[in-house]
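Worksheet: the structure to be examined is printed underneath.
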Amino acid sequence: MNKTLSLVAAAALMSTMAMAKEVKIGVVLPLTGPIAAFGQTSKGGLDIAYAQNKTLKNGDTVKIIVLDDRGDKAEAATAVKRLINKDGVSVILGEVASSISMAMAPVADKAKTPMITHASTNPRVTKGKKYVTRACFIDPFQGAVMAKYAIDNGMKTAVVVTDAKQDYSVGLSKAFKKAYEAAGGKIVKTVLLSSGDKDFNAQVSTIKQEKPGIIAFTGYYPEAALMVKQARAMGIETPFIGADGVGFPELVSIGGKAAEGFMYTDHFNEAAASTPEAKAYVDAFHKAYNKPADSMGALAADGYGMILAAMNACIDEGKGSDDKECINTHLRGTKGYKGITGEITINEGGDAVKSAVVNAVKDGKFAYKTTVNP
Amino acid sequence: MDFSTFLQQLVNGISLGSMYALIAIGYTMVYGTLRLINFAHGDIMMVGAFFVYLASSMGLPFPLAVLAGITGSVLVGIMTDKIAYKPLREAPKISLLITAIGISFFLENLFNVLFGGVPKAFPAPEYLTTSFKLGEVILPLMVIVIPIVTVLILGGVLWVLYKTKYGMAIRALAFDIPTVKLMGVNADYIISIVFGLGSALAAVGGIFYAISYPSIDPLMGIIVGLKAFAAAVLGGIGSVTGAVLGGFILGFTEIFVVAMFPDLGGYKDAFAFFFLIFVLLLRPTGIMGEDLDRGRF
């Protein structure tokens, strides 16, 4: 019985091998525009992962088609349509910003094309979507980690800084507040800003008056770098804690000395990479770029790896590597995938359950502090 | 809000307002002469900041880099005029406006290709970014320097316009280009001067902007350009003094919206533009604006 099965499988394998085909993955990233660093770093990691592995079990080759959305929601939604209808991709990888992923998700869902976002952490990205998965943890978890870390380090009063333009920031602020207050902390004030702005002196002056124990900054790095700089210039010594949106080299290059001590939760720190897969990736990354491996790149590599794992699982089932339904079933059913950013399991909502790290800027570098498990 | 915070917010208002004012002067000058809303103004600003970044990354000391930045922007400004606007002198104003938007997109994308979209740290020297402490109030050096520069430039522009032969030609052009040509004035040459001057002002604005907020990217000119345009319209577009006034009003509105209602701070742009609409409803030509058909500064 077993023998015949494997014979059949072998025959099937051979017949598919004989006509190995090309299966396409569409990638949508902000390669230019205000959050270009997210796209560029994601692409860097994706390129490493792609170079490491672009052939499936049955000999099919994987092709990635990368489109730039310039950090624009409408552009990203159009890109998804184009990738599905014109390029005929089997699966979509992207975006980074939650607001943008949320604009893409309905398009992919409607076209019954699986989409995996490697780095969008807002819960609403996957909510109610059958075909959307993610390779990262979600903001309620990240916000809770921020809150726990602050409370554990004796910072019991907080000012929350929210970027009103970003769903990511709004969701993260909510999650932080809930967890922080539940742990006995007090939110003394919420201050809003809007991404793209550069002058935060008014916000900073307001914060100064409140004298909080910690400033929870839930936005992205361009504003974080300028705000921490303006805060330090205003004589505010209060520590900042942010999340995965701030951990970019520009925080240090623009923030300079003011960014020292800026803490943030993140998906990955190469100092915490322990598995052989993670080490191989980090080595290849160093060789290619001669700089520390960042978390966006590692997440993009994991997203790509999960797609390949799902495609291979479909081949095992005797289905085509481009079978969208099958890929989606396996993406959503990912269990214990050994990724670069840790072990990834997808829950019934399509969200990844995995650990987070806390980093802090030290001597201009991102130093690893601790790992927090779900 | 306690008193020292109030004073601090006042300082912040001056800081932001003078920034807008400085940029708005250039906007309004080109408009006053050519009746062209130069939407590429904000992008020339960006070009200026990037040239300084480039020059100082090649090892030039900061003052020389600034000089290189201004010269580069002036050349870019004059070139845009020669290549894009000059063939359209006789065309309807709307064609010129569309071209300006095109130039704006072109510059943004060109610099995106050349430098990438990731924000870069502007090499502002430390002696320019220091601040003084007056009791509880922090007074950054730039808050003192920028208004002074704005006033100096305002004076300089007014002097050029009213005391020099070129200024007379510029003012004459603002009234009627064909007649001025009939008088034997080389209109194209004068228009080039206007663009050169406008670009120099944009570059100075861009450089000061980058010193105050040392993060530059190819799209940095869009929002500031829009705000400066709003400031120019608020003050009465075409009026140089109005532009300065508009800049300060806009800056103070934004700062005090955030100061009074931190919960609404993310929507300060909405407040600023709402205020603009309100003023325009009462005075359609802006605060200092007069008859739209007359050339004036």
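Ordering of the structure tokens sets the chain letters (A, B, ...); residue numbers start at 1 within each chain; ligands are numbered from 1 in the order shown.
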Nearby residues (only C-alpha atoms) at most 8 Å from Gly236 in chain B, same-chain spacing under 3 positions excluded, as a PDB file with all heavy atoms, in the first residue's frame:
```pdb
ATOM      1  N   ALA B 232       1.050  82.306   2.027  1.00  0.00           N
ATOM      2  CA  ALA B 232       1.071  83.380   1.030  1.00  0.00           C
ATOM      3  C   ALA B 232      -0.343  83.798   0.663  1.00  0.00           C
ATOM      4  O   ALA B 232      -0.636  84.996   0.534  1.00  0.00           O
ATOM      5  CB  ALA B 232       1.841  82.924  -0.207  1.00  0.00           C
ATOM      6  N   VAL B 233      -1.243  82.823   0.519  1.00  0.00           N
ATOM      7  CA  VAL B 233      -2.632  83.136   0.174  1.00  0.00           C
ATOM      8  C   VAL B 233      -3.316  83.861   1.331  1.00  0.00           C
ATOM      9  O   VAL B 233      -4.034  84.840   1.138  1.00  0.00           O
ATOM     10  CB  VAL B 233      -3.400  81.840  -0.179  1.00  0.00           C
ATOM     11  CG1 VAL B 233      -4.883  82.132  -0.352  1.00  0.00           C
ATOM     12  CG2 VAL B 233      -2.848  81.229  -1.446  1.00  0.00           C
ATOM     13  N   SER B 239       1.697  89.799  -2.161  1.00  0.00           N
ATOM     14  CA  SER B 239       2.204  90.783  -1.222  1.00  0.00           C
ATOM     15  C   SER B 239       3.302  90.155  -0.359  1.00  0.00           C
ATOM     16  O   SER B 239       3.062  89.178   0.337  1.00  0.00           O
ATOM     17  CB  SER B 239       1.062  91.289  -0.339  1.00  0.00           C
ATOM     18  OG  SER B 239       1.590  91.840   0.847  1.00  0.00           O
ATOM     19  N   GLY B 242       2.596  90.558   3.268  1.00  0.00           N
ATOM     20  CA  GLY B 242       1.469  89.685   3.580  1.00  0.00           C
ATOM     21  C   GLY B 242       1.933  88.253   3.789  1.00  0.00           C
ATOM     22  O   GLY B 242       1.439  87.549   4.681  1.00  0.00           O
ATOM     23  N   ALA B 243       2.903  87.821   2.989  1.00  0.00           N
ATOM     24  CA  ALA B 243       3.409  86.455   3.100  1.00  0.00           C
ATOM     25  C   ALA B 243       4.023  86.217   4.472  1.00  0.00           C
ATOM     26  O   ALA B 243       3.807  85.186   5.100  1.00  0.00           O
ATOM     27  CB  ALA B 243       4.438  86.189   2.008  1.00  0.00           C
ATOM     28  N   GLY B 246       1.203  86.103   6.942  1.00  0.00           N
ATOM     29  CA  GLY B 246       0.500  84.825   6.800  1.00  0.00           C
ATOM     30  C   GLY B 246       1.284  83.683   7.411  1.00  0.00           C
ATOM     31  O   GLY B 246       0.721  82.811   8.072  1.00  0.00           O
ATOM     32  N   THR B 285      -9.135  88.129  -1.053  1.00  0.00           N
ATOM     33  CA  THR B 285      -7.790  88.342  -1.591  1.00  0.00           C
ATOM     34  C   THR B 285      -6.735  88.229  -0.496  1.00  0.00           C
ATOM     35  O   THR B 285      -5.589  88.617  -0.700  1.00  0.00           O
ATOM     36  CB  THR B 285      -7.681  89.729  -2.261  1.00  0.00           C
ATOM     37  OG1 THR B 285      -8.124  90.699  -1.311  1.00  0.00           O
ATOM     38  CG2 THR B 285      -8.515  89.805  -3.510  1.00  0.00           C
ATOM     39  N   GLY B 286      -7.090  87.714   0.658  1.00  0.00           N
ATOM     40  CA  GLY B 286      -6.135  87.585   1.738  1.00  0.00           C
ATOM     41  C   GLY B 286      -6.033  88.849   2.557  1.00  0.00           C
ATOM     42  O   GLY B 286      -6.640  89.867   2.210  1.00  0.00           O
ATOM     43  N   ILE B 287      -5.269  88.785   3.645  1.00  0.00           N
ATOM     44  CA  ILE B 287      -5.239  89.888   4.593  1.00  0.00           C
ATOM     45  C   ILE B 287      -4.705  91.179   3.971  1.00  0.00           C
ATOM     46  O   ILE B 287      -5.312  92.239   4.074  1.00  0.00           O
ATOM     47  CB  ILE B 287      -4.408  89.504   5.835  1.00  0.00           C
ATOM     48  CG1 ILE B 287      -5.080  88.323   6.550  1.00  0.00           C
ATOM     49  CG2 ILE B 287      -4.299  90.688   6.803  1.00  0.00           C
ATOM     50  CD1 ILE B 287      -4.230  87.679   7.601  1.00  0.00           C
ATOM     51  N   MET B 288      -3.551  91.079   3.322  1.00  0.00           N
ATOM     52  CA  MET B 288      -2.939  92.286   2.757  1.00  0.00           C
ATOM     53  C   MET B 288      -3.263  92.443   1.273  1.00  0.00           C
ATOM     54  O   MET B 288      -2.787  93.365   0.627  1.00  0.00           O
ATOM     55  CB  MET B 288      -1.417  92.239   2.912  1.00  0.00           C
ATOM     56  CG  MET B 288      -0.926  91.991   4.314  1.00  0.00           C
ATOM     57  SD  MET B 288      -0.749  93.494   5.237  1.00  0.00           S
ATOM     58  CE  MET B 288       0.724  94.156   4.482  1.00  0.00           C
ATOM     59  N   GLY B 289      -3.988  91.485   0.729  1.00  0.00           N
ATOM     60  CA  GLY B 289      -4.241  91.512  -0.706  1.00  0.00           C
ATOM     61  C   GLY B 289      -5.191  92.622  -1.093  1.00  0.00           C
ATOM     62  O   GLY B 289      -6.098  92.980  -0.349  1.00  0.00           O
ATOM     63  N   GLU B 290      -4.954  93.194  -2.270  1.00  0.00           N
ATOM     64  CA  GLU B 290      -5.860  94.239  -2.746  1.00  0.00           C
ATOM     65  C   GLU B 290      -6.528  93.770  -4.025  1.00  0.00           C
ATOM     66  O   GLU B 290      -6.800  92.590  -4.183  1.00  0.00           O
ATOM     67  CB  GLU B 290      -5.083  95.537  -2.969  1.00  0.00           C
ATOM     68  CG  GLU B 290      -4.667  96.181  -1.656  1.00  0.00           C
ATOM     69  CD  GLU B 290      -3.524  97.151  -1.881  1.00  0.00           C
ATOM     70  OE1 GLU B 290      -3.483  97.763  -2.953  1.00  0.00           O
ATOM     71  OE2 GLU B 290      -2.670  97.271  -0.991  1.00  0.00           O
TER      72      GLU B 290
END
```
Original post:
What residues in range 62-230 of chain B get the DSSP label alpha helix (DSSP H)? Please answer as a PyMOL selection string.
Top reply: chain B and resi 62-80+93-115+141-163+165-175+177-182+187-212+220-230
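Between Gly69 in chain B and the residues B:Leu128, B:Ile103, B:Leu201, B:Val160, the shortest atom-to-atom distance, using only C-alpha atoms, involves B:Leu201.
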Subject >> Residues within 9 Å of Ser73 in chain B, only C-alpha atoms, excluding chain neighbours under 4 positions, as a list in words >> reply: Ile44, Met45, Val47, Gly48, Phe51, Ala68, Gly69, Gly77, Ile78, Gly196, Ser199, Ala200, Ala202 and Ala203 of chain B
**OP:** Compute the set of chain A residues within 9 Å of chain B, using only C-alpha atoms, and express it as an MDAnalysis selection string.
**Re:** chainID A and resid 31:38 40 70 162:165 189:203 205:206 208:209 222 225:226 230 233:235 250 253:256
Original post:
Near Phe195 in chain B, within 8 Å and counting only C-alpha atoms, which residues show up once chain neighbours fewer than 2 positions away are dropped, as a list in words?
Top reply: Val30, Val74, Gly77, Ile78, Asp81, Ile191, Ser192, Ile193, Leu197, Gly198 and Ser199 of chain B
**OP:** Using only C-alpha atoms, pick whichever of B:Ile83, B:Ala65, B:Ala174, B:Tyr53 has the shortest atom-to-atom distance to Arg35 in chain B.
**Re:**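 Among B:Ile83, B:Ala65, B:Ala174, B:Tyr53, it is B:Ala174 that comes nearest to Arg35 in chain B.
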Subject >> In range 7-247 of chain B, DSSP strand (DSSP E or B) residues written as a list in words >> reply: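 Everything in range 7-247 of chain B that counts as strand (DSSP E or B) is Lys120, Ala121, Ser131, Phe132, Lys133, Leu134, Val137, Ile138, Leu139, Pro140, Ser215 and Ile216 of chain B.
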**OP:** Pick out the residues sitting within 8 Å of range 110-126 of chain A, and hand them over as an MDAnalysis selection string; count only C-alpha atoms, and ignore anything fewer than 6 positions along from it in its own chain.
**Re:** chainID A and resid 84 90:98 101:102 132:140 167:168 171:172 296 299:300 302:303 324:325 327:328 349:351
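Straight-line separation from CA of Ser42 in chain A to CA of Ala103 in chain A: 18.9 Å.
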**OP:** Excluding Tyr166 in chain B and residues on its chain fewer than 3 positions from it, collect all residues at most 12 Å away from it, counting only C-alpha atoms, and give them as a list in words.
**Re:**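 With the cut-off at 12 Å, the set is Val157, Leu158, Trp159, Val160, Leu161, Tyr162, Lys163, Ala169, Ile170, Arg171, Ala172, Leu173, Val185, Asn186, Ala187, Tyr189, Ile190, Ile191, Ser192, Ile193, Val194 and Leu197 of chain B.
Rounded to one decimal, CA of Leu152 in chain B and CA of Tyr27 in chain B lie 16.8 Å from each other.
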Subject >> For Gly26 in chain B, the nearest of the candidates B:Leu281, B:Ile153, B:Val66, B:Ile207, counting only C-alpha atoms >> reply: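 Closest residue, counting only C-alpha atoms: B:Ile153.
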Original post:
Quick one: residues within 12 Å of Glu343 in chain A, only C-alpha atoms counted, chain neighbours fewer than 4 positions away excluded, as a list in words?
Top reply: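 Residues meeting the cut-off are Ala135, Cys136, Phe137, His267, Phe268, Ala273, Ser274, Thr275, Glu277, Ala278, Leu299, Asp302, Met306, Thr334, Lys335, Gly336, Tyr337, Lys338, Gly339, Ala352, Val353, Lys354, Ser355, Ala356, Asn373 and Pro374 of chain A.
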Original post:
Taking into account only C-alpha atoms, which residue in the set B:Ile25, B:Leu154, B:Met142, B:Leu107 is nearest to Val76 in chain B?
Top reply: B:Leu107
